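Engineer: See coords.pdb below, with PDB, C-alpha atoms, pLDDT in the B column.
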```pdb
ATOM      1  CA  MET E   1     -49.082 123.780 -92.938  1.00 49.00           C
ATOM      2  CA  GLU E   2     -47.126 125.150 -90.008  1.00 51.00           C
ATOM      3  CA  ASP E   3     -47.734 121.887 -88.130  1.00 55.00           C
ATOM      4  CA  GLN E   4     -46.107 119.938 -90.962  1.00 53.00           C
ATOM      5  CA  ALA E   5     -43.200 122.371 -91.145  1.00 54.00           C
ATOM      6  CA  GLN E   6     -42.725 122.175 -87.378  1.00 60.00           C
ATOM      7  CA  GLU E   7     -42.661 118.380 -87.597  1.00 58.00           C
ATOM      8  CA  LEU E   8     -39.889 118.537 -90.174  1.00 55.00           C
ATOM      9  CA  ARG E   9     -37.801 120.931 -88.077  1.00 55.00           C
ATOM     10  CA  GLU E  10     -38.189 118.737 -84.999  1.00 58.00           C
ATOM     11  CA  LEU E  11     -37.104 115.657 -86.937  1.00 52.00           C
ATOM     12  CA  MET E  12     -33.940 117.428 -88.069  1.00 49.00           C
ATOM     13  CA  THR E  13     -33.052 119.322 -84.871  1.00 49.00           C
ATOM     14  CA  PRO E  14     -31.404 116.441 -82.950  1.00 48.00           C
ATOM     15  CA  HIS E  15     -28.954 115.998 -85.831  1.00 54.00           C
ATOM     16  CA  LYS E  16     -28.359 119.733 -86.285  1.00 77.00           C
ATOM     17  CA  THR E  17     -29.104 119.561 -89.993  1.00 86.00           C
ATOM     18  CA  ARG E  18     -29.319 123.040 -91.471  1.00 89.00           C
ATOM     19  CA  ILE E  19     -32.180 123.487 -93.925  1.00 90.00           C
ATOM     20  CA  ILE E  20     -31.923 126.263 -96.516  1.00 93.00           C
ATOM     21  CA  ALA E  21     -34.796 127.014 -98.883  1.00 93.00           C
ATOM     22  CA  VAL E  22     -34.022 128.907-102.090  1.00 94.00           C
ATOM     23  CA  THR E  23     -37.180 130.418-103.522  1.00 93.00           C
ATOM     24  CA  SER E  24     -38.519 133.265-105.635  1.00 92.00           C
ATOM     25  CA  GLY E  25     -41.725 135.034-106.403  1.00 90.00           C
ATOM     26  CA  LYS E  26     -41.142 134.974-110.162  1.00 89.00           C
ATOM     27  CA  GLY E  27     -39.754 132.150-112.261  1.00 88.00           C
ATOM     28  CA  GLY E  28     -36.655 132.470-114.423  1.00 87.00           C
ATOM     29  CA  VAL E  29     -34.593 134.589-112.022  1.00 90.00           C
ATOM     30  CA  GLY E  30     -31.747 132.094-111.504  1.00 88.00           C
ATOM     31  CA  LYS E  31     -33.011 130.298-108.415  1.00 90.00           C
ATOM     32  CA  THR E  32     -31.859 126.838-109.495  1.00 92.00           C
ATOM     33  CA  ASN E  33     -28.434 128.164-110.509  1.00 90.00           C
ATOM     34  CA  ILE E  34     -28.060 129.729-107.069  1.00 91.00           C
ATOM     35  CA  SER E  35     -29.061 126.443-105.420  1.00 93.00           C
ATOM     36  CA  VAL E  36     -26.543 124.395-107.408  1.00 93.00           C
ATOM     37  CA  ASN E  37     -23.705 126.843-106.779  1.00 92.00           C
ATOM     38  CA  MET E  38     -24.557 127.008-103.098  1.00 93.00           C
ATOM     39  CA  ALA E  39     -24.357 123.203-102.896  1.00 95.00           C
ATOM     40  CA  ILE E  40     -20.992 123.236-104.658  1.00 94.00           C
ATOM     41  CA  GLY E  41     -19.660 125.939-102.332  1.00 93.00           C
ATOM     42  CA  TYR E  42     -20.617 124.135 -99.151  1.00 94.00           C
ATOM     43  CA  ALA E  43     -19.317 120.807-100.489  1.00 95.00           C
ATOM     44  CA  GLN E  44     -15.969 122.471-101.167  1.00 94.00           C
ATOM     45  CA  GLN E  45     -15.941 123.462 -97.501  1.00 94.00           C
ATOM     46  CA  GLY E  46     -16.190 119.804 -96.527  1.00 95.00           C
ATOM     47  CA  LYS E  47     -19.889 119.825 -95.648  1.00 95.00           C
ATOM     48  CA  LYS E  48     -22.199 116.903 -96.336  1.00 95.00           C
ATOM     49  CA  VAL E  49     -24.721 118.534 -98.650  1.00 96.00           C
ATOM     50  CA  ILE E  50     -27.943 117.220-100.143  1.00 96.00           C
ATOM     51  CA  LEU E  51     -29.643 119.372-102.774  1.00 96.00           C
ATOM     52  CA  ILE E  52     -33.347 118.662-103.214  1.00 94.00           C
ATOM     53  CA  ASP E  53     -35.237 119.664-106.335  1.00 92.00           C
ATOM     54  CA  GLY E  54     -38.382 120.952-104.680  1.00 85.00           C
ATOM     55  CA  ASP E  55     -39.824 122.401-107.868  1.00 81.00           C
ATOM     56  CA  LEU E  56     -42.382 119.634-107.788  1.00 75.00           C
ATOM     57  CA  GLY E  57     -43.777 118.804-111.210  1.00 69.00           C
ATOM     58  CA  LEU E  58     -41.305 121.018-113.116  1.00 77.00           C
ATOM     59  CA  ALA E  59     -37.946 119.819-111.821  1.00 78.00           C
ATOM     60  CA  ASN E  60     -34.723 120.600-113.697  1.00 86.00           C
ATOM     61  CA  ILE E  61     -31.693 120.336-111.382  1.00 92.00           C
ATOM     62  CA  ASN E  62     -30.761 117.084-113.104  1.00 90.00           C
ATOM     63  CA  VAL E  63     -30.593 119.016-116.400  1.00 89.00           C
ATOM     64  CA  LEU E  64     -28.087 121.530-114.989  1.00 90.00           C
ATOM     65  CA  LEU E  65     -26.015 118.671-113.568  1.00 91.00           C
ATOM     66  CA  ASN E  66     -26.239 116.700-116.814  1.00 89.00           C
ATOM     67  CA  ALA E  67     -27.396 113.729-114.743  1.00 89.00           C
ATOM     68  CA  VAL E  68     -30.003 111.061-115.345  1.00 87.00           C
ATOM     69  CA  PRO E  69     -31.104 109.803-111.916  1.00 89.00           C
ATOM     70  CA  GLN E  70     -32.697 106.384-111.729  1.00 89.00           C
ATOM     71  CA  TYR E  71     -35.347 107.504-109.263  1.00 89.00           C
ATOM     72  CA  ASN E  72     -37.028 110.763-108.252  1.00 88.00           C
ATOM     73  CA  LEU E  73     -39.512 112.145-105.751  1.00 86.00           C
ATOM     74  CA  MET E  74     -42.433 110.614-107.618  1.00 84.00           C
ATOM     75  CA  GLN E  75     -41.368 107.196-106.344  1.00 86.00           C
ATOM     76  CA  VAL E  76     -41.399 108.540-102.774  1.00 85.00           C
ATOM     77  CA  VAL E  77     -44.848 110.071-103.176  1.00 80.00           C
ATOM     78  CA  ASN E  78     -46.125 106.782-104.614  1.00 82.00           C
ATOM     79  CA  LYS E  79     -44.551 104.870-101.678  1.00 86.00           C
ATOM     80  CA  GLN E  80     -42.340 102.892-104.033  1.00 90.00           C
ATOM     81  CA  LYS E  81     -39.084 104.181-102.555  1.00 90.00           C
ATOM     82  CA  GLU E  82     -37.787 105.730 -99.354  1.00 91.00           C
ATOM     83  CA  MET E  83     -36.144 109.150 -99.470  1.00 90.00           C
ATOM     84  CA  GLN E  84     -32.654 107.797 -98.784  1.00 90.00           C
ATOM     85  CA  ASP E  85     -33.024 105.378-101.725  1.00 92.00           C
ATOM     86  CA  ILE E  86     -33.261 108.131-104.331  1.00 93.00           C
ATOM     87  CA  VAL E  87     -30.206 110.177-103.306  1.00 94.00           C
ATOM     88  CA  THR E  88     -27.843 110.576-106.274  1.00 94.00           C
ATOM     89  CA  PRO E  89     -24.125 111.497-105.978  1.00 94.00           C
ATOM     90  CA  THR E  90     -22.620 114.138-108.238  1.00 94.00           C
ATOM     91  CA  GLU E  91     -19.138 114.875-109.539  1.00 93.00           C
ATOM     92  CA  PHE E  92     -19.139 118.126-107.547  1.00 93.00           C
ATOM     93  CA  GLY E  93     -18.965 116.556-104.089  1.00 95.00           C
ATOM     94  CA  PHE E  94     -22.595 116.857-103.055  1.00 96.00           C
ATOM     95  CA  LYS E  95     -25.649 114.634-103.467  1.00 96.00           C
ATOM     96  CA  PHE E  96     -29.009 115.544-104.891  1.00 95.00           C
ATOM     97  CA  ILE E  97     -32.575 114.317-105.007  1.00 94.00           C
ATOM     98  CA  ALA E  98     -34.325 114.737-108.329  1.00 91.00           C
ATOM     99  CA  GLY E  99     -37.854 116.004-108.606  1.00 84.00           C
ATOM    100  CA  ALA E 100     -40.317 114.893-111.248  1.00 77.00           C
ATOM    101  CA  ASN E 101     -41.088 116.806-114.415  1.00 72.00           C
ATOM    102  CA  GLY E 102     -44.464 116.850-116.117  1.00 63.00           C
ATOM    103  CA  PHE E 103     -46.558 115.191-113.409  1.00 61.00           C
ATOM    104  CA  SER E 104     -49.421 117.231-111.955  1.00 62.00           C
ATOM    105  CA  LYS E 105     -49.880 114.746-109.104  1.00 60.00           C
ATOM    106  CA  ILE E 106     -46.600 115.607-107.447  1.00 60.00           C
ATOM    107  CA  ALA E 107     -47.151 119.336-108.014  1.00 60.00           C
ATOM    108  CA  ASN E 108     -50.372 119.228-105.976  1.00 68.00           C
ATOM    109  CA  LEU E 109     -49.713 117.063-102.927  1.00 71.00           C
ATOM    110  CA  SER E 110     -52.472 116.304-100.452  1.00 72.00           C
ATOM    111  CA  VAL E 111     -52.104 116.936 -96.709  1.00 71.00           C
ATOM    112  CA  GLU E 112     -51.452 113.223 -96.191  1.00 75.00           C
ATOM    113  CA  GLN E 113     -48.747 113.220 -98.845  1.00 73.00           C
ATOM    114  CA  LEU E 114     -47.119 116.323 -97.350  1.00 71.00           C
ATOM    115  CA  ASP E 115     -47.063 114.584 -93.963  1.00 73.00           C
ATOM    116  CA  ARG E 116     -45.296 111.599 -95.476  1.00 75.00           C
ATOM    117  CA  PHE E 117     -42.922 113.956 -97.229  1.00 73.00           C
ATOM    118  CA  ALA E 118     -41.974 115.563 -93.908  1.00 73.00           C
ATOM    119  CA  GLU E 119     -41.489 112.161 -92.307  1.00 78.00           C
ATOM    120  CA  GLN E 120     -39.223 111.046 -95.131  1.00 80.00           C
ATOM    121  CA  PHE E 121     -36.962 114.049 -94.599  1.00 78.00           C
ATOM    122  CA  SER E 122     -35.782 112.571 -91.296  1.00 76.00           C
ATOM    123  CA  LYS E 123     -34.006 109.880 -93.303  1.00 81.00           C
ATOM    124  CA  LEU E 124     -31.639 112.572 -94.603  1.00 86.00           C
ATOM    125  CA  SER E 125     -30.622 113.814 -91.178  1.00 82.00           C
ATOM    126  CA  ASP E 126     -27.004 112.680 -91.531  1.00 87.00           C
ATOM    127  CA  ALA E 127     -26.452 115.626 -93.881  1.00 92.00           C
ATOM    128  CA  ASP E 128     -24.905 118.816 -92.539  1.00 93.00           C
ATOM    129  CA  ILE E 129     -26.902 120.989 -94.927  1.00 94.00           C
ATOM    130  CA  ILE E 130     -30.039 120.367 -96.963  1.00 94.00           C
ATOM    131  CA  ILE E 131     -30.704 122.906 -99.707  1.00 95.00           C
ATOM    132  CA  ILE E 132     -34.210 122.923-101.164  1.00 93.00           C
ATOM    133  CA  ASP E 133     -34.672 124.501-104.568  1.00 93.00           C
ATOM    134  CA  THR E 134     -38.375 125.304-104.401  1.00 90.00           C
ATOM    135  CA  GLY E 135     -40.703 126.201-107.215  1.00 87.00           C
ATOM    136  CA  ALA E 136     -41.478 129.845-107.888  1.00 88.00           C
ATOM    137  CA  GLY E 137     -44.557 131.556-106.516  1.00 89.00           C
ATOM    138  CA  ILE E 138     -46.794 130.930-103.530  1.00 84.00           C
ATOM    139  CA  ALA E 139     -48.199 127.452-104.140  1.00 82.00           C
ATOM    140  CA  ASN E 140     -48.853 125.290-101.100  1.00 78.00           C
ATOM    141  CA  ASN E 141     -45.851 123.049-101.770  1.00 78.00           C
ATOM    142  CA  VAL E 142     -43.515 126.041-102.049  1.00 84.00           C
ATOM    143  CA  LEU E 143     -44.654 127.603 -98.795  1.00 84.00           C
ATOM    144  CA  GLN E 144     -44.441 124.230 -97.052  1.00 81.00           C
ATOM    145  CA  PHE E 145     -40.735 123.979 -97.870  1.00 83.00           C
ATOM    146  CA  VAL E 146     -40.135 127.609 -96.951  1.00 87.00           C
ATOM    147  CA  ALA E 147     -41.892 127.316 -93.594  1.00 84.00           C
ATOM    148  CA  ALA E 148     -39.783 124.268 -92.708  1.00 82.00           C
ATOM    149  CA  ALA E 149     -36.439 125.963 -93.424  1.00 87.00           C
ATOM    150  CA  ASP E 150     -34.010 127.524 -90.984  1.00 87.00           C
ATOM    151  CA  GLU E 151     -32.965 130.043 -93.606  1.00 90.00           C
ATOM    152  CA  VAL E 152     -34.697 131.325 -96.738  1.00 91.00           C
ATOM    153  CA  CYS E 153     -32.995 132.915 -99.744  1.00 91.00           C
ATOM    154  CA  VAL E 154     -35.415 134.834-101.955  1.00 92.00           C
ATOM    155  CA  VAL E 155     -33.909 135.327-105.399  1.00 92.00           C
ATOM    156  CA  THR E 156     -34.787 138.190-107.718  1.00 90.00           C
ATOM    157  CA  THR E 157     -33.363 140.225-110.574  1.00 87.00           C
ATOM    158  CA  SER E 158     -33.573 143.928-111.358  1.00 84.00           C
ATOM    159  CA  GLU E 159     -36.730 143.368-113.410  1.00 86.00           C
ATOM    160  CA  PRO E 160     -39.597 145.291-111.754  1.00 88.00           C
ATOM    161  CA  THR E 161     -41.978 142.326-111.863  1.00 90.00           C
ATOM    162  CA  ALA E 162     -39.380 140.067-110.240  1.00 89.00           C
ATOM    163  CA  ILE E 163     -38.789 142.595-107.451  1.00 88.00           C
ATOM    164  CA  THR E 164     -42.519 143.013-106.883  1.00 90.00           C
ATOM    165  CA  ASP E 165     -43.070 139.255-106.681  1.00 91.00           C
ATOM    166  CA  ALA E 166     -40.085 138.851-104.344  1.00 89.00           C
ATOM    167  CA  TYR E 167     -41.623 141.421-102.025  1.00 90.00           C
ATOM    168  CA  GLY E 168     -44.931 139.591-102.255  1.00 90.00           C
ATOM    169  CA  ILE E 169     -43.570 136.213-101.227  1.00 90.00           C
ATOM    170  CA  ILE E 170     -41.568 137.712 -98.347  1.00 89.00           C
ATOM    171  CA  LYS E 171     -44.694 139.455 -97.123  1.00 88.00           C
ATOM    172  CA  ILE E 172     -46.705 136.228 -97.266  1.00 88.00           C
ATOM    173  CA  ILE E 173     -43.986 134.235 -95.484  1.00 84.00           C
ATOM    174  CA  THR E 174     -43.653 136.704 -92.643  1.00 84.00           C
ATOM    175  CA  THR E 175     -47.303 137.595 -92.131  1.00 84.00           C
ATOM    176  CA  GLU E 176     -49.281 134.462 -92.981  1.00 78.00           C
ATOM    177  CA  TYR E 177     -47.180 131.303 -92.760  1.00 70.00           C
ATOM    178  CA  VAL E 178     -44.423 131.653 -90.195  1.00 68.00           C
ATOM    179  CA  ASP E 179     -45.043 132.644 -86.587  1.00 69.00           C
ATOM    180  CA  ARG E 180     -41.394 132.532 -85.529  1.00 70.00           C
ATOM    181  CA  GLU E 181     -38.235 134.482 -86.226  1.00 75.00           C
ATOM    182  CA  MET E 182     -36.775 133.409 -89.558  1.00 77.00           C
ATOM    183  CA  ASN E 183     -33.522 134.235 -91.315  1.00 85.00           C
ATOM    184  CA  ILE E 184     -34.596 135.592 -94.725  1.00 88.00           C
ATOM    185  CA  LYS E 185     -32.110 136.950 -97.253  1.00 88.00           C
ATOM    186  CA  LEU E 186     -32.904 138.706-100.520  1.00 87.00           C
ATOM    187  CA  LEU E 187     -30.477 137.836-103.311  1.00 85.00           C
ATOM    188  CA  ALA E 188     -30.617 140.412-106.103  1.00 82.00           C
ATOM    189  CA  ILE E 189     -28.769 138.972-109.103  1.00 78.00           C
ATOM    190  CA  PRO E 190     -27.148 141.625-111.355  1.00 70.00           C
ATOM    191  CA  ASP E 191     -28.138 141.474-115.013  1.00 60.00           C
ATOM    192  CA  GLU E 192     -24.554 140.778-116.125  1.00 51.00           C
ATOM    193  CA  LEU E 193     -24.617 137.497-114.212  1.00 50.00           C
ATOM    194  CA  ALA E 194     -27.342 136.021-116.404  1.00 44.00           C
ATOM    195  CA  ILE E 195     -26.346 132.396-116.704  1.00 41.00           C
ATOM    196  CA  PHE E 196     -27.912 130.904-119.797  1.00 37.00           C
ATOM    197  CA  CYS E 197     -26.803 131.681-123.334  1.00 33.00           C
ATOM    198  CA  TRP E 198     -29.149 129.576-125.394  1.00 30.00           C
ATOM    199  CA  GLU E 199     -27.087 129.974-128.568  1.00 32.00           C
ATOM    200  CA  ASP E 200     -24.092 128.342-126.835  1.00 34.00           C
ATOM    201  CA  SER E 201     -23.576 124.654-126.320  1.00 30.00           C
ATOM    202  CA  PHE E 202     -24.914 122.983-123.177  1.00 30.00           C
ATOM    203  CA  ARG E 203     -21.447 122.637-121.695  1.00 32.00           C
ATOM    204  CA  GLN E 204     -20.759 126.339-122.230  1.00 33.00           C
ATOM    205  CA  SER E 205     -24.005 127.184-120.467  1.00 31.00           C
ATOM    206  CA  MET E 206     -22.699 125.171-117.505  1.00 31.00           C
ATOM    207  CA  ALA E 207     -19.582 127.348-117.194  1.00 32.00           C
ATOM    208  CA  PHE E 208     -21.090 129.169-114.219  1.00 34.00           C
ATOM    209  CA  ILE E 209     -20.152 126.246-111.968  1.00 32.00           C
ATOM    210  CA  ASP E 210     -16.506 127.343-111.872  1.00 33.00           C
ATOM    211  CA  ALA E 211     -17.021 131.073-112.262  1.00 31.00           C
ATOM    212  CA  PRO E 212     -15.134 132.982-109.513  1.00 36.00           C
ATOM    213  CA  LYS E 213     -17.009 136.127-110.508  1.00 41.00           C
ATOM    214  CA  PHE E 214     -20.290 134.479-109.659  1.00 37.00           C
ATOM    215  CA  GLN E 215     -18.988 133.209-106.315  1.00 39.00           C
ATOM    216  CA  ARG E 216     -17.636 136.625-105.330  1.00 42.00           C
ATOM    217  CA  SER E 217     -20.825 138.383-106.368  1.00 43.00           C
ATOM    218  CA  PHE E 218     -22.911 135.755-104.608  1.00 39.00           C
ATOM    219  CA  ALA E 219     -21.041 136.200-101.320  1.00 41.00           C
ATOM    220  CA  LYS E 220     -21.214 139.980-101.677  1.00 43.00           C
ATOM    221  CA  SER E 221     -24.941 139.963-102.390  1.00 42.00           C
ATOM    222  CA  VAL E 222     -25.628 137.747 -99.383  1.00 39.00           C
ATOM    223  CA  GLY E 223     -23.678 140.010 -97.058  1.00 40.00           C
ATOM    224  CA  ASN E 224     -23.244 137.262 -94.503  1.00 39.00           C
ATOM    225  CA  LYS E 225     -19.902 135.633 -93.725  1.00 36.00           C
ATOM    226  CA  SER E 226     -21.564 132.287 -93.095  1.00 37.00           C
ATOM    227  CA  TYR E 227     -22.129 132.069 -96.848  1.00 34.00           C
ATOM    228  CA  GLU E 228     -18.656 133.045 -97.945  1.00 34.00           C
TER
END
```
Let me see the file written as structure tokens.
Structural biologist:
Amino acid sequence: MEDQAQELRELMTPHKTRIIAVTSGKGGVGKTNISVNMAIGYAQQGKKVILIDGDLGLANINVLLNAVPQYNLMQVVNKQKEMQDIVTPTEFGFKFIAGANGFSKIANLSVEQLDRFAEQFSKLSDADIIIIDTGAGIANNVLQFVAAADEVCVVTTSEPTAITDAYGIIKIITTEYVDREMNIKLLAIPDELAIFCWEDSFRQSMAFIDAPKFQRSFAKSVGNKSYE
């Protein structure tokens, strides 16, 4: 796995593309919302941003963006499309690559498929920043994305199980999968910033995109000026 991750970093290094992986130990903690807002924030700073839905098999970034992409990562895995062919623009100034939802094949990639995946990433090297919204947990695909990143944001909430799982994935990253210094940040999302209100309309549930409170709290929780 580290060989594949190293290959991806080497492909991106000449172009100085910054790769950020947003991950979590437990699902449902707001990881995808963080990823989308991060993409919006960097786009507003004039950066060329590509957001990748790396939750392979259970992708949902397109749902948050209210977008229906023509192609997704399944076409890349099946060698029907190249990575640059499935990039979709958004109204928020960044581009995204949709994952596939409901396909076990893409959720369990072989070593050969992961190698091709890493190779395809080089076709996105004109981006300033690539943000990867990974799946939750410690599946092989998740750790592959994490190991390839320059920076990792581990998202959690105040729920004890979420904190425990966040600790678990950080421990695995640092002791089993990465043999180099890595910039890892823990983002603890306060309960009052819960995004979804299922009784509200879809558009109301999307209100977080313009929420200054979220942006201020996000920058404060990161504690790093490079994210402000």
Engineer: So which residues touch E:Glu91 within 9 Å, counting all atoms listed in the file, skipping near sequence neighbours fewer than 3 positions away, as an NGL selection string?
Structural biologist: :E and (65 or 94-95)
Engineer: Between E:Gln84, E:Asn33, E:Thr156, E:Asn140, which has the minimum distance to E:Ser125 (counting only C-alpha atoms)?
Structural biologist: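 Looking at the shortest contact to E:Ser125, the residue is E:Gln84.
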Engineer: Need the shell around E:Arg116: protein/DNA/RNA residues with any atom at most 9 Å away, counting all atoms listed in the file. Skip same-chain ones fewer than 5 positions apart. Format as a PyMOL selection string?
Structural biologist: chain E and resi 76-77+111+121
Engineer: Atom CA of E:Pro89 to atom CA of E:Ala59: how many Å, to one decimal?
Structural biologist: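 So the answer is 17.2 Å.
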Engineer: Select, from E:Ile138, E:Ile52, E:Gly28, E:Gln45, the residue with the minimum atom-to-atom distance to E:Tyr167, counting only C-alpha atoms.
Structural biologist: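 Looking only at the distances to E:Tyr167, the closest residue turns out to be E:Ile138.
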Engineer: Take every atom of stretch 76-83 of chain E listed in the file, fit an axis-aligned box around them, add 4 Å per side, and give the centre and edge lengths in Å to one decimal as JSON.
Structural biologist:
```
{"center_x": -41.1, "center_y": 106.5, "center_z": -102.0, "size_x": 18.0, "size_y": 15.2, "size_z": 13.3}
```
Engineer: How would stretch 180-192 of chain E look with N, CA, C and O atoms restored, written as an mmCIF file, keeping the file's coordinate frame?
Structural biologist:
```cif
data_model
loop_
_atom_site.group_PDB
_atom_site.id
_atom_site.type_symbol
_atom_site.label_atom_id
_atom_site.label_comp_id
_atom_site.auth_asym_id
_atom_site.auth_seq_id
_atom_site.Cartn_x
_atom_site.Cartn_y
_atom_site.Cartn_z
ATOM 1 N N ARG E 180 -42.641 132.547 -86.283
ATOM 2 C CA ARG E 180 -41.394 132.532 -85.529
ATOM 3 C C ARG E 180 -40.381 133.398 -86.266
ATOM 4 O O ARG E 180 -40.591 133.788 -87.414
ATOM 5 N N GLU E 181 -39.291 133.708 -85.592
ATOM 6 C CA GLU E 181 -38.235 134.482 -86.226
ATOM 7 C C GLU E 181 -37.547 133.624 -87.284
ATOM 8 O O GLU E 181 -37.184 132.476 -87.022
ATOM 9 N N MET E 182 -37.387 134.161 -88.466
ATOM 10 C CA MET E 182 -36.775 133.409 -89.558
ATOM 11 C C MET E 182 -35.704 134.247 -90.233
ATOM 12 O O MET E 182 -35.841 135.462 -90.378
ATOM 13 N N ASN E 183 -34.627 133.577 -90.626
ATOM 14 C CA ASN E 183 -33.522 134.235 -91.315
ATOM 15 C C ASN E 183 -33.827 134.284 -92.807
ATOM 16 O O ASN E 183 -33.717 133.277 -93.502
ATOM 17 N N ILE E 184 -34.243 135.435 -93.309
ATOM 18 C CA ILE E 184 -34.596 135.592 -94.725
ATOM 19 C C ILE E 184 -33.604 136.548 -95.380
ATOM 20 O O ILE E 184 -33.352 137.635 -94.872
ATOM 21 N N LYS E 185 -33.053 136.127 -96.497
ATOM 22 C CA LYS E 185 -32.110 136.950 -97.253
ATOM 23 C C LYS E 185 -32.653 137.169 -98.665
ATOM 24 O O LYS E 185 -33.173 136.247 -99.283
ATOM 25 N N LEU E 186 -32.514 138.375 -99.160
ATOM 26 C CA LEU E 186 -32.904 138.706 -100.520
ATOM 27 C C LEU E 186 -31.657 138.737 -101.385
ATOM 28 O O LEU E 186 -30.732 139.502 -101.122
ATOM 29 N N LEU E 187 -31.614 137.886 -102.401
ATOM 30 C CA LEU E 187 -30.477 137.836 -103.311
ATOM 31 C C LEU E 187 -30.869 138.503 -104.623
ATOM 32 O O LEU E 187 -31.662 137.957 -105.390
ATOM 33 N N ALA E 188 -30.330 139.681 -104.871
ATOM 34 C CA ALA E 188 -30.617 140.412 -106.103
ATOM 35 C C ALA E 188 -29.498 140.136 -107.096
ATOM 36 O O ALA E 188 -28.365 140.576 -106.898
ATOM 37 N N ILE E 189 -29.791 139.391 -108.145
ATOM 38 C CA ILE E 189 -28.769 138.972 -109.103
ATOM 39 C C ILE E 189 -28.597 140.047 -110.176
ATOM 40 O O ILE E 189 -29.548 140.373 -110.894
ATOM 41 N N PRO E 190 -27.386 140.606 -110.316
ATOM 42 C CA PRO E 190 -27.148 141.625 -111.355
ATOM 43 C C PRO E 190 -27.398 141.063 -112.743
ATOM 44 O O PRO E 190 -27.183 139.876 -113.003
ATOM 45 N N ASP E 191 -27.824 141.914 -113.660
ATOM 46 C CA ASP E 191 -28.138 141.474 -115.013
ATOM 47 C C ASP E 191 -26.945 140.832 -115.709
ATOM 48 O O ASP E 191 -27.091 139.908 -116.502
ATOM 49 N N GLU E 192 -25.719 141.304 -115.412
ATOM 50 C CA GLU E 192 -24.554 140.778 -116.125
ATOM 51 C C GLU E 192 -24.208 139.360 -115.698
ATOM 52 O O GLU E 192 -23.357 138.710 -116.294
#
```
